[in-house]
>>> print(open('work09.cif').read())   # mmCIF, C-alpha atoms and all ligand atoms; chains and numbers go by the auth columns
data_entry
#
loop_
_atom_site.group_PDB
_atom_site.id
_atom_site.type_symbol
_atom_site.label_atom_id
_atom_site.label_comp_id
_atom_site.label_asym_id
_atom_site.label_seq_id
_atom_site.Cartn_x
_atom_site.Cartn_y
_atom_site.Cartn_z
_atom_site.B_iso_or_equiv
_atom_site.auth_seq_id
_atom_site.auth_asym_id
ATOM 1 C CA MET A 1 -86.378 44.999 204.011 0.00 2 T
ATOM 2 C CA LYS A 2 -88.765 42.933 201.927 0.00 3 T
ATOM 3 C CA ILE A 3 -88.099 43.496 198.214 0.00 4 T
ATOM 4 C CA ASN A 4 -91.019 44.927 196.360 0.00 5 T
ATOM 5 C CA LEU A 5 -91.359 42.252 193.674 0.00 6 T
ATOM 6 C CA ASN A 6 -94.139 44.039 191.891 0.00 7 T
ATOM 7 C CA PRO A 7 -93.195 47.692 192.041 0.00 8 T
ATOM 8 C CA GLU A 8 -96.701 48.972 191.448 0.00 9 T
ATOM 9 C CA ALA A 9 -98.406 49.159 188.103 0.00 10 T
ATOM 10 C CA ASP A 10 -96.296 52.271 187.683 0.00 11 T
ATOM 11 C CA PRO A 11 -93.490 51.380 185.245 0.00 12 T
ATOM 12 C CA GLN A 12 -91.341 54.234 186.563 0.00 13 T
ATOM 13 C CA ALA A 13 -90.837 52.319 189.813 0.00 14 T
ATOM 14 C CA LYS A 14 -89.362 49.386 187.863 0.00 15 T
ATOM 15 C CA ILE A 15 -86.624 51.386 186.182 0.00 16 T
ATOM 16 C CA ILE A 16 -83.220 51.815 187.811 0.00 17 T
ATOM 17 C CA VAL A 17 -81.047 54.354 185.999 0.00 18 T
ATOM 18 C CA ALA A 18 -77.285 53.658 185.945 0.00 19 T
ATOM 19 C CA LEU A 19 -75.205 56.642 187.070 0.00 20 T
ATOM 20 C CA ASP A 20 -72.121 55.614 185.095 0.00 21 T
ATOM 21 C CA VAL A 21 -70.257 58.929 185.478 0.00 22 T
ATOM 22 C CA PRO A 22 -66.885 59.743 187.069 0.00 23 T
ATOM 23 C CA SER A 23 -67.862 62.231 189.781 0.00 24 T
ATOM 24 C CA ALA A 24 -70.564 63.107 192.298 0.00 25 T
ATOM 25 C CA ASN A 25 -70.998 66.492 190.586 0.00 26 T
ATOM 26 C CA GLU A 26 -71.877 64.907 187.259 0.00 27 T
ATOM 27 C CA ALA A 27 -74.087 62.362 188.975 0.00 28 T
ATOM 28 C CA LEU A 28 -75.999 65.013 190.916 0.00 29 T
ATOM 29 C CA ASN A 29 -76.465 67.082 187.746 0.00 30 T
ATOM 30 C CA LEU A 30 -78.198 64.084 186.193 0.00 31 T
ATOM 31 C CA CYS A 31 -80.313 63.513 189.313 0.00 32 T
ATOM 32 C CA ASP A 32 -81.392 67.143 189.286 0.00 33 T
ATOM 33 C CA ARG A 33 -82.284 66.988 185.574 0.00 34 T
ATOM 34 C CA LEU A 34 -84.314 63.816 186.173 0.00 35 T
ATOM 35 C CA PRO A 35 -86.199 64.320 189.454 0.00 36 T
ATOM 36 C CA GLN A 36 -88.811 61.785 188.292 0.00 37 T
ATOM 37 C CA VAL A 37 -86.253 58.942 188.571 0.00 38 T
ATOM 38 C CA SER A 38 -86.700 57.279 191.962 0.00 39 T
ATOM 39 C CA PHE A 39 -84.052 54.531 191.764 0.00 40 T
ATOM 40 C CA TRP A 40 -80.386 55.105 190.804 0.00 41 T
ATOM 41 C CA LYS A 41 -77.501 52.654 190.363 0.00 42 T
ATOM 42 C CA VAL A 42 -74.040 53.602 191.626 0.00 43 T
ATOM 43 C CA GLY A 43 -71.288 51.464 190.101 0.00 44 T
ATOM 44 C CA LEU A 44 -67.585 51.044 190.757 0.00 45 T
ATOM 45 C CA GLU A 45 -66.338 54.152 188.941 0.00 46 T
ATOM 46 C CA LEU A 46 -68.582 56.597 190.772 0.00 47 T
ATOM 47 C CA PHE A 47 -68.240 54.754 194.068 0.00 48 T
ATOM 48 C CA ILE A 48 -64.430 54.826 193.911 0.00 49 T
ATOM 49 C CA ALA A 49 -64.462 58.499 192.917 0.00 50 T
ATOM 50 C CA ASP A 50 -67.004 59.890 195.358 0.00 51 T
ATOM 51 C CA GLY A 51 -68.786 56.995 197.092 0.00 52 T
ATOM 52 C CA SER A 52 -69.810 58.420 200.431 0.00 53 T
ATOM 53 C CA THR A 53 -70.791 61.813 198.963 0.00 54 T
ATOM 54 C CA ILE A 54 -73.059 60.436 196.262 0.00 55 T
ATOM 55 C CA LEU A 55 -74.700 57.866 198.531 0.00 56 T
ATOM 56 C CA ARG A 56 -75.419 60.495 201.174 0.00 57 T
ATOM 57 C CA GLU A 57 -76.785 62.939 198.576 0.00 58 T
ATOM 58 C CA LEU A 58 -79.032 60.351 196.932 0.00 59 T
ATOM 59 C CA LYS A 59 -80.504 59.381 200.297 0.00 60 T
ATOM 60 C CA ALA A 60 -80.918 63.081 201.202 0.00 61 T
ATOM 61 C CA ARG A 61 -83.013 63.360 197.990 0.00 62 T
ATOM 62 C CA ASP A 62 -85.067 60.369 199.179 0.00 63 T
ATOM 63 C CA LYS A 63 -83.895 58.159 196.282 0.00 64 T
ATOM 64 C CA ARG A 64 -83.548 54.390 196.249 0.00 65 T
ATOM 65 C CA VAL A 65 -79.982 53.199 195.612 0.00 66 T
ATOM 66 C CA PHE A 66 -78.597 50.134 193.880 0.00 67 T
ATOM 67 C CA LEU A 67 -74.955 49.875 194.959 0.00 68 T
ATOM 68 C CA ASP A 68 -73.411 47.757 192.208 0.00 69 T
ATOM 69 C CA LEU A 69 -70.038 46.809 193.706 0.00 70 T
ATOM 70 C CA LYS A 70 -70.003 43.141 192.633 0.00 71 T
ATOM 71 C CA LEU A 71 -68.156 42.128 195.813 0.00 72 T
ATOM 72 C CA HIS A 72 -65.985 39.002 195.671 0.00 73 T
ATOM 73 C CA ASP A 73 -63.489 38.210 198.461 0.00 74 T
ATOM 74 C CA ILE A 74 -63.140 35.960 201.484 0.00 75 T
ATOM 75 C CA PRO A 75 -66.349 35.674 203.536 0.00 76 T
ATOM 76 C CA ASN A 76 -65.183 37.921 206.400 0.00 77 T
ATOM 77 C CA THR A 77 -64.126 40.743 204.070 0.00 78 T
ATOM 78 C CA VAL A 78 -67.297 40.681 201.986 0.00 79 T
ATOM 79 C CA ALA A 79 -69.506 40.408 205.080 0.00 80 T
ATOM 80 C CA SER A 80 -67.785 43.457 206.635 0.00 81 T
ATOM 81 C CA ALA A 81 -68.210 45.470 203.425 0.00 82 T
ATOM 82 C CA CYS A 82 -71.900 44.528 203.350 0.00 83 T
ATOM 83 C CA ARG A 83 -72.308 45.638 206.974 0.00 84 T
ATOM 84 C CA VAL A 84 -70.910 49.083 206.047 0.00 85 T
ATOM 85 C CA ALA A 85 -73.157 49.272 202.960 0.00 86 T
ATOM 86 C CA THR A 86 -76.243 48.837 205.174 0.00 87 T
ATOM 87 C CA LYS A 87 -75.167 51.998 207.018 0.00 88 T
ATOM 88 C CA TYR A 88 -75.201 53.892 203.704 0.00 89 T
ATOM 89 C CA GLY A 89 -78.847 52.826 203.341 0.00 90 T
ATOM 90 C CA ALA A 90 -78.276 51.080 199.983 0.00 91 T
ATOM 91 C CA ASP A 91 -81.419 49.269 198.846 0.00 92 T
ATOM 92 C CA PHE A 92 -79.683 46.740 196.561 0.00 93 T
ATOM 93 C CA LEU A 93 -76.054 45.588 196.764 0.00 94 T
ATOM 94 C CA THR A 94 -74.386 43.084 194.418 0.00 95 T
ATOM 95 C CA ILE A 95 -72.043 40.251 195.365 0.00 96 T
ATOM 96 C CA HIS A 96 -70.610 37.548 193.086 0.00 97 T
ATOM 97 C CA ALA A 97 -72.279 34.141 193.453 0.00 98 T
ATOM 98 C CA SER A 98 -68.972 32.581 192.354 0.00 99 T
ATOM 99 C CA GLY A 99 -67.537 33.708 195.731 0.00 100 T
ATOM 100 C CA GLY A 100 -69.291 30.609 197.057 0.00 101 T
ATOM 101 C CA LYS A 101 -71.887 29.659 199.624 0.00 102 T
ATOM 102 C CA ALA A 102 -69.835 30.555 202.713 0.00 103 T
ATOM 103 C CA MET A 103 -69.217 34.055 201.344 0.00 104 T
ATOM 104 C CA MET A 104 -72.847 34.614 200.375 0.00 105 T
ATOM 105 C CA LYS A 105 -74.177 33.279 203.703 0.00 106 T
ATOM 106 C CA ALA A 106 -71.806 35.505 205.680 0.00 107 T
ATOM 107 C CA ALA A 107 -72.843 38.516 203.585 0.00 108 T
ATOM 108 C CA GLN A 108 -76.550 37.709 203.949 0.00 109 T
ATOM 109 C CA ALA A 109 -76.181 37.410 207.740 0.00 110 T
ATOM 110 C CA GLU A 110 -74.817 40.974 207.854 0.00 111 T
ATOM 111 C CA VAL A 111 -77.681 42.546 205.887 0.00 112 T
ATOM 112 C CA GLN A 112 -80.474 40.551 207.546 0.00 113 T
ATOM 113 C CA GLY A 113 -82.967 42.908 209.171 0.00 114 T
ATOM 114 C CA SER A 114 -81.569 45.988 207.367 0.00 115 T
ATOM 115 C CA SER A 115 -83.002 47.841 204.389 0.00 116 T
ATOM 116 C CA THR A 116 -80.252 46.428 202.128 0.00 117 T
ATOM 117 C CA GLN A 117 -81.111 43.520 199.861 0.00 118 T
ATOM 118 C CA LEU A 118 -78.303 41.478 198.314 0.00 119 T
ATOM 119 C CA LEU A 119 -78.415 40.554 194.631 0.00 120 T
ATOM 120 C CA ALA A 120 -76.243 37.774 193.231 0.00 121 T
ATOM 121 C CA VAL A 121 -74.217 38.344 190.088 0.00 122 T
ATOM 122 C CA SER A 122 -73.838 35.047 188.265 0.00 123 T
ATOM 123 C CA LEU A 123 -71.560 35.042 185.226 0.00 124 T
ATOM 124 C CA LEU A 124 -70.378 38.349 183.789 0.00 125 T
ATOM 125 C CA THR A 125 -71.956 38.802 180.382 0.00 126 T
ATOM 126 C CA SER A 126 -68.507 39.673 179.020 0.00 127 T
ATOM 127 C CA ILE A 127 -67.404 36.033 179.498 0.00 128 T
ATOM 128 C CA SER A 128 -67.919 33.891 176.385 0.00 129 T
ATOM 129 C CA SER A 129 -68.651 30.169 176.403 0.00 130 T
ATOM 130 C CA VAL A 130 -65.127 29.579 175.029 0.00 131 T
ATOM 131 C CA GLU A 131 -63.566 31.533 177.926 0.00 132 T
ATOM 132 C CA LEU A 132 -65.789 29.723 180.416 0.00 133 T
ATOM 133 C CA GLN A 133 -64.642 26.327 179.216 0.00 134 T
ATOM 134 C CA SER A 134 -61.036 26.955 178.105 0.00 135 T
ATOM 135 C CA ASP A 135 -59.845 29.589 180.608 0.00 136 T
ATOM 136 C CA LEU A 136 -62.062 29.061 183.650 0.00 137 T
ATOM 137 C CA LEU A 137 -62.259 25.268 183.095 0.00 138 T
ATOM 138 C CA VAL A 138 -66.023 25.149 183.715 0.00 139 T
ATOM 139 C CA PRO A 139 -67.369 22.256 181.616 0.00 140 T
ATOM 140 C CA LEU A 140 -70.891 23.682 181.362 0.00 141 T
ATOM 141 C CA GLU A 141 -72.813 25.754 178.878 0.00 142 T
ATOM 142 C CA ILE A 142 -73.474 29.345 180.006 0.00 143 T
ATOM 143 C CA PRO A 143 -77.232 28.958 180.788 0.00 144 T
ATOM 144 C CA GLU A 144 -76.556 25.846 182.865 0.00 145 T
ATOM 145 C CA TYR A 145 -73.732 27.550 184.804 0.00 146 T
ATOM 146 C CA VAL A 146 -75.799 30.711 185.384 0.00 147 T
ATOM 147 C CA ALA A 147 -78.712 28.627 186.720 0.00 148 T
ATOM 148 C CA LYS A 148 -76.351 26.700 189.008 0.00 149 T
ATOM 149 C CA LEU A 149 -74.925 29.947 190.475 0.00 150 T
ATOM 150 C CA VAL A 150 -78.329 31.575 190.965 0.00 151 T
ATOM 151 C CA LEU A 151 -79.641 28.431 192.706 0.00 152 T
ATOM 152 C CA LEU A 152 -76.552 28.514 194.937 0.00 153 T
ATOM 153 C CA ALA A 153 -77.396 32.127 195.810 0.00 154 T
ATOM 154 C CA LYS A 154 -80.929 31.118 196.767 0.00 155 T
ATOM 155 C CA GLU A 155 -79.608 28.241 198.915 0.00 156 T
ATOM 156 C CA SER A 156 -77.332 30.786 200.624 0.00 157 T
ATOM 157 C CA GLY A 157 -80.330 32.904 201.612 0.00 158 T
ATOM 158 C CA LEU A 158 -80.242 35.567 198.877 0.00 159 T
ATOM 159 C CA LYS A 159 -83.566 36.629 197.417 0.00 160 T
ATOM 160 C CA GLY A 160 -82.506 38.193 194.161 0.00 161 T
ATOM 161 C CA ALA A 161 -80.075 38.172 191.246 0.00 162 T
ATOM 162 C CA VAL A 162 -78.919 40.203 188.282 0.00 163 T
ATOM 163 C CA CYS A 163 -79.383 38.454 184.939 0.00 164 T
ATOM 164 C CA SER A 164 -79.878 39.041 181.245 0.00 165 T
ATOM 165 C CA PRO A 165 -83.509 39.561 180.221 0.00 166 T
ATOM 166 C CA HIS A 166 -82.936 36.601 177.890 0.00 167 T
ATOM 167 C CA GLU A 167 -82.325 34.332 180.906 0.00 168 T
ATOM 168 C CA VAL A 168 -85.094 35.569 183.154 0.00 169 T
ATOM 169 C CA THR A 169 -87.975 33.339 182.031 0.00 170 T
ATOM 170 C CA LYS A 170 -86.005 30.127 182.515 0.00 171 T
ATOM 171 C CA LEU A 171 -84.502 31.303 185.829 0.00 172 T
ATOM 172 C CA ARG A 172 -87.950 32.369 187.081 0.00 173 T
ATOM 173 C CA SER A 173 -89.282 28.860 186.427 0.00 174 T
ATOM 174 C CA LEU A 174 -86.396 27.417 188.484 0.00 175 T
ATOM 175 C CA LEU A 175 -86.308 29.996 191.296 0.00 176 T
ATOM 176 C CA GLY A 176 -90.008 30.761 191.771 0.00 177 T
ATOM 177 C CA ASP A 177 -92.134 33.878 191.919 0.00 178 T
ATOM 178 C CA ASP A 178 -90.733 35.301 195.139 0.00 179 T
ATOM 179 C CA PHE A 179 -87.205 35.738 193.727 0.00 180 T
ATOM 180 C CA CYS A 180 -86.267 39.194 192.452 0.00 181 T
ATOM 181 C CA PHE A 181 -84.658 39.523 189.020 0.00 182 T
ATOM 182 C CA VAL A 182 -82.957 42.744 187.989 0.00 183 T
ATOM 183 C CA THR A 183 -81.996 42.923 184.332 0.00 184 T
ATOM 184 C CA PRO A 184 -79.520 45.185 182.522 0.00 185 T
ATOM 185 C CA GLY A 185 -79.097 44.825 178.752 0.00 186 T
ATOM 186 C CA VAL A 186 -82.322 46.748 178.095 0.00 187 T
ATOM 187 C CA ARG A 187 -82.753 48.969 175.057 0.00 188 T
ATOM 188 C CA PRO A 188 -85.820 50.798 173.765 0.00 189 T
ATOM 189 C CA LEU A 189 -86.577 50.176 170.087 0.00 190 T
ATOM 190 C CA GLY A 190 -84.211 52.192 167.913 0.00 191 T
ATOM 191 C CA ALA A 191 -81.687 52.980 170.688 0.00 192 T
ATOM 192 C CA ALA A 192 -77.973 52.369 170.177 0.00 193 T
ATOM 193 C CA VAL A 193 -77.007 48.943 171.489 0.00 194 T
ATOM 194 C CA GLY A 194 -73.442 50.047 172.353 0.00 195 T
ATOM 195 C CA ASP A 195 -71.391 47.289 173.974 0.00 196 T
ATOM 196 C CA GLN A 196 -74.415 45.242 175.072 0.00 197 T
ATOM 197 C CA SER A 197 -74.531 42.103 172.963 0.00 198 T
ATOM 198 C CA ARG A 198 -77.999 40.645 173.719 0.00 199 T
ATOM 199 C CA VAL A 199 -80.604 43.301 174.402 0.00 200 T
ATOM 200 C CA MET A 200 -84.374 43.369 174.927 0.00 201 T
ATOM 201 C CA THR A 201 -86.915 46.200 174.988 0.00 202 T
ATOM 202 C CA PRO A 202 -88.196 47.367 178.400 0.00 203 T
ATOM 203 C CA LYS A 203 -91.692 46.039 177.711 0.00 204 T
ATOM 204 C CA ASP A 204 -90.417 42.612 176.622 0.00 205 T
ATOM 205 C CA ALA A 205 -88.036 42.372 179.613 0.00 206 T
ATOM 206 C CA ILE A 206 -90.930 43.021 182.018 0.00 207 T
ATOM 207 C CA ALA A 207 -93.102 40.513 180.118 0.00 208 T
ATOM 208 C CA ALA A 208 -90.262 37.961 180.362 0.00 209 T
ATOM 209 C CA GLY A 209 -90.402 38.280 184.162 0.00 210 T
ATOM 210 C CA ALA A 210 -87.945 40.997 185.215 0.00 211 T
ATOM 211 C CA ASN A 211 -88.908 42.806 188.434 0.00 212 T
ATOM 212 C CA TYR A 212 -86.579 45.764 187.819 0.00 213 T
ATOM 213 C CA LEU A 213 -84.729 47.022 184.715 0.00 214 T
ATOM 214 C CA VAL A 214 -81.319 48.727 184.739 0.00 215 T
ATOM 215 C CA ILE A 215 -81.020 51.300 181.964 0.00 216 T
ATOM 216 C CA GLY A 216 -78.057 53.632 181.567 0.00 217 T
ATOM 217 C CA ARG A 217 -76.917 55.280 178.370 0.00 218 T
ATOM 218 C CA PRO A 218 -80.266 55.262 176.512 0.00 219 T
ATOM 219 C CA ILE A 219 -81.326 57.795 179.180 0.00 220 T
ATOM 220 C CA THR A 220 -78.161 59.399 180.560 0.00 221 T
ATOM 221 C CA ALA A 221 -76.414 59.843 177.185 0.00 222 T
ATOM 222 C CA ALA A 222 -79.551 60.846 175.263 0.00 223 T
ATOM 223 C CA PRO A 223 -79.608 64.361 173.754 0.00 224 T
ATOM 224 C CA ASP A 224 -82.705 64.959 175.908 0.00 225 T
ATOM 225 C CA PRO A 225 -82.631 62.613 178.944 0.00 226 T
ATOM 226 C CA VAL A 226 -86.102 63.747 180.124 0.00 227 T
ATOM 227 C CA LEU A 227 -87.657 62.897 176.763 0.00 228 T
ATOM 228 C CA ALA A 228 -85.808 59.549 176.681 0.00 229 T
ATOM 229 C CA TRP A 229 -87.078 58.718 180.176 0.00 230 T
ATOM 230 C CA ASP A 230 -90.681 59.636 179.285 0.00 231 T
ATOM 231 C CA GLN A 231 -90.515 57.561 176.105 0.00 232 T
ATOM 232 C CA ILE A 232 -89.140 54.520 177.947 0.00 233 T
ATOM 233 C CA CYS A 233 -91.861 54.776 180.619 0.00 234 T
ATOM 234 C CA LYS A 234 -94.508 54.931 177.886 0.00 235 T
ATOM 235 C CA ASP A 235 -92.925 51.958 176.102 0.00 236 T
ATOM 236 C CA CYS A 236 -93.219 49.897 179.306 0.00 237 T
ATOM 237 C CA LEU A 237 -97.018 50.202 179.450 0.00 238 T
HETATM 238 O O1 LIG B . -75.707 52.026 179.585 0.00 301 T
HETATM 239 P P1 LIG B . -76.285 50.664 179.787 0.00 301 T
HETATM 240 O O2 LIG B . -77.809 50.631 179.734 0.00 301 T
HETATM 241 O O3 LIG B . -75.667 49.609 178.912 0.00 301 T
HETATM 242 O O4 LIG B . -75.894 50.341 181.321 0.00 301 T
HETATM 243 C C1 LIG B . -76.118 49.097 181.890 0.00 301 T
HETATM 244 C C2 LIG B . -75.618 49.070 183.286 0.00 301 T
HETATM 245 O O5 LIG B . -75.779 47.760 183.804 0.00 301 T
HETATM 246 C C3 LIG B . -74.131 49.397 183.433 0.00 301 T
HETATM 247 O O6 LIG B . -73.966 50.122 184.653 0.00 301 T
HETATM 248 C C4 LIG B . -73.453 48.051 183.530 0.00 301 T
HETATM 249 O O7 LIG B . -72.315 48.074 184.351 0.00 301 T
HETATM 250 C C5 LIG B . -74.543 47.210 184.170 0.00 301 T
HETATM 251 N N1 LIG B . -74.446 45.783 183.850 0.00 301 T
HETATM 252 C C6 LIG B . -74.522 45.291 182.563 0.00 301 T
HETATM 253 N N2 LIG B . -74.444 43.958 182.306 0.00 301 T
HETATM 254 C C7 LIG B . -74.319 43.106 183.301 0.00 301 T
HETATM 255 C C8 LIG B . -74.281 43.581 184.609 0.00 301 T
HETATM 256 C C9 LIG B . -74.356 44.947 184.838 0.00 301 T
HETATM 257 O O8 LIG B . -74.640 46.037 181.616 0.00 301 T
HETATM 258 N N3 LIG B . -74.289 41.812 183.035 0.00 301 T
#
>>> encode(input="work09.cif", output="structure tokens")
Amino acid sequence: MKINLNPEADPQAKIIVALDVPSANEALNLCDRLPQVSFWKVGLELFIADGSTILRELKARDKRVFLDLKLHDIPNTVASACRVATKYGADFLTIHASGGKAMMKAAQAEVQGSSTQLLAVSLLTSISSVELQSDLLVPLEIPEYVAKLVLLAKESGLKGAVCSPHEVTKLRSLLGDDFCFVTPGVRPLGAAVGDQSRVMTPKDAIAAGANYLVIGRPITAAPDPVLAWDQICKDCL
């Protein structure tokens, strides 16, 4: 599949809502309350609880699916997992760039020609610069290390990455216009920041160069998720 790098003028097509809930039942309740959402993210918790059920149900509802598994293992294991994910019809699937070029190339070879597009995860935003240098022994500053990993992903044949909206402008200038950037860490004005440390509004993230935004709790944990969704779509214009 070719990634749609400019998902229409319609801001709704740019928003991926994170289904961070512990069961398929809860996830499907949210989907049914928000039929206007076309793109959902399934993360580790939901996948481990009810993976095949939720993926089948989302596809039966004609939804796009971001399968956020952040795979990281030896090349053969990750490639095999990616091959199975293509059968689920996932549209996006994450793998860790720090798994290395051989792992990413093997994974990319398995999804080639399918509707599944791999996205590289660079450095987890939970890792601080002190941890990076003292624990992981990487003698680089975070932006430099993130750029290095995303470039490695591109050299391995991947066409997209997950990054902070604060990194996207610089990464876009390095990676070019045909690379897809998906950014979490997005908060509408006035929304609770929660555990996200560096956030940006949806409109600013799109202006900074994000192709798709991942938004979870500001919609799914809102007192009125439909109202929150409508407000966010308006804010994107
Ligand atoms: O609820 P919230 O909008 O913070 O959800 C953001 C989603 O994006 C979560 O599913 C989280 O796992 C994911 N994510 C993130 N930061 C990253 C990578 C992924 O928040 N660096």
>>> resolve_selection(input="work09.cif", expression="the PyMOL selection byres (((chain T and resi 202) around 9) and not hetatm)", output="list in words")
Gly186, Val187, Arg188, Pro189, Leu190, Val200, Met201, Pro203, Lys204, Asp205, Ala206, Ile207, Asp236 and Cys237 of chain T
>>> closest_atom_pairs(input="work09.cif", of="chain T", to="ligand LIG 301 (chain T)", cutoff="6 Å", atoms="only C-alpha atoms and all ligand atoms", output="tab-separated table")
residue	atom	partner	partner_atom	distance
T:Ala19	CA	T:LIG301	O6	5.0
T:Asp21	CA	T:LIG301	O6	5.8
T:Leu125	CA	T:LIG301	N3	5.3
T:Thr126	CA	T:LIG301	N3	4.6
T:Pro185	CA	T:LIG301	O5	4.7
T:Gly186	CA	T:LIG301	O8	5.4
T:Gln197	CA	T:LIG301	O3	5.9
T:Val215	CA	T:LIG301	O5	5.7
T:Ile216	CA	T:LIG301	O2	4.0
T:Gly217	CA	T:LIG301	O1	3.5
T:Arg218	CA	T:LIG301	O1	3.7
>>> write_last_selection(input="work09.cif", atoms="C-alpha atoms", output="CSV table (one decimal), keeping the file's coordinate frame")
chain,number,residue,atom,x,y,z
T,19,ALA,CA,-77.3,53.7,185.9
T,21,ASP,CA,-72.1,55.6,185.1
T,125,LEU,CA,-70.4,38.3,183.8
T,126,THR,CA,-72.0,38.8,180.4
T,185,PRO,CA,-79.5,45.2,182.5
T,186,GLY,CA,-79.1,44.8,178.8
T,197,GLN,CA,-74.4,45.2,175.1
T,215,VAL,CA,-81.3,48.7,184.7
T,216,ILE,CA,-81.0,51.3,182.0
T,217,GLY,CA,-78.1,53.6,181.6
T,218,ARG,CA,-76.9,55.3,178.4
>>> atom_distance(input="work09.cif", atom1="CA of Gln109 (chain T)", atom2="CA of Val183 (chain T)")
17.9 Å
>>> closest_residue(input="work09.cif", among="T:Arg199, T:Thr221, T:Gln113, T:Ile143", to="Glu27 (chain T)", atoms="all atoms listed in the file")
T:Thr221
>>> resolve_selection(input="work09.cif", expression="the PyMOL selection byres (((chain T and resi 100-105) around 7) and not hetatm)", output="PDB file with C-alpha atoms, keeping the file's coordinate frame")
ATOM      1  CA  HIS T  73     -65.985  39.002 195.671  1.00  0.00           C
ATOM      2  CA  ASP T  74     -63.489  38.210 198.461  1.00  0.00           C
ATOM      3  CA  ILE T  75     -63.140  35.960 201.484  1.00  0.00           C
ATOM      4  CA  PRO T  76     -66.349  35.674 203.536  1.00  0.00           C
ATOM      5  CA  VAL T  79     -67.297  40.681 201.986  1.00  0.00           C
ATOM      6  CA  HIS T  97     -70.610  37.548 193.086  1.00  0.00           C
ATOM      7  CA  ALA T  98     -72.279  34.141 193.453  1.00  0.00           C
ATOM      8  CA  SER T  99     -68.972  32.581 192.354  1.00  0.00           C
ATOM      9  CA  LYS T 106     -74.177  33.279 203.703  1.00  0.00           C
ATOM     10  CA  ALA T 107     -71.806  35.505 205.680  1.00  0.00           C
ATOM     11  CA  ALA T 108     -72.843  38.516 203.585  1.00  0.00           C
ATOM     12  CA  GLN T 109     -76.550  37.709 203.949  1.00  0.00           C
ATOM     13  CA  LEU T 153     -76.552  28.514 194.937  1.00  0.00           C
ATOM     14  CA  ALA T 154     -77.396  32.127 195.810  1.00  0.00           C
ATOM     15  CA  SER T 157     -77.332  30.786 200.624  1.00  0.00           C
TER      16      SER T 157
END
>>> atom_distance(input="work09.cif", atom1="CA of Glu58 (chain T)", atom2="CA of Lys15 (chain T)")
21.4 Å
>>> closest_residue(input="work09.cif", among="T:Phe48, T:Thr87, T:Ala121, T:Val151", to="Leu72 (chain T)", atoms="only C-alpha atoms")
T:Ala121
>>> closest_residue(input="work09.cif", among="T:Ala82, T:Leu159, T:Ile17, T:Leu29", to="Lys60 (chain T)", atoms="all atoms listed in the file")
T:Leu29
>>> closest_residue(input="work09.cif", among="T:Pro144, T:Pro166, T:Gly90, T:Pro12", to="Lys235 (chain T)", atoms="all atoms listed in the file")
T:Pro12
>>> closest_residue(input="work09.cif", among="T:Val85, T:Ile96, T:Val18, T:Ala110", to="Val66 (chain T)", atoms="all atoms listed in the file")
T:Val18
>>> closest_residue(input="work09.cif", among="T:Ser24, T:Thr117, T:Asn77, T:Thr95", to="Val163 (chain T)", atoms="only C-alpha atoms")
T:Thr95
>>> atom_distance(input="work09.cif", atom1="CA of Glu145 (chain T)", atom2="CA of Ala211 (chain T)")
19.1 Å
>>> resolve_selection(input="work09.cif", expression="the PyMOL selection byres (((chain T and resi 147) around 9) and not hetatm)", output="ChimeraX atom specification")
/T:123-124,142-146,148-152,164,168,172
>>> residues_around(input="work09.cif", residues="Arg62 (chain T)", least_positions_apart="3", cutoff="10 Å", atoms="all atoms listed in the file", output="list in words")
Cys32, Asp33, Pro36, Ser39, Leu56, Arg57, Glu58, Leu59 and Arg65 of chain T
>>> residues_around(input="work09.cif", residues="Cys181 (chain T)", least_positions_apart="3", cutoff="12 Å", atoms="only C-alpha atoms", output="count of residues only")
33
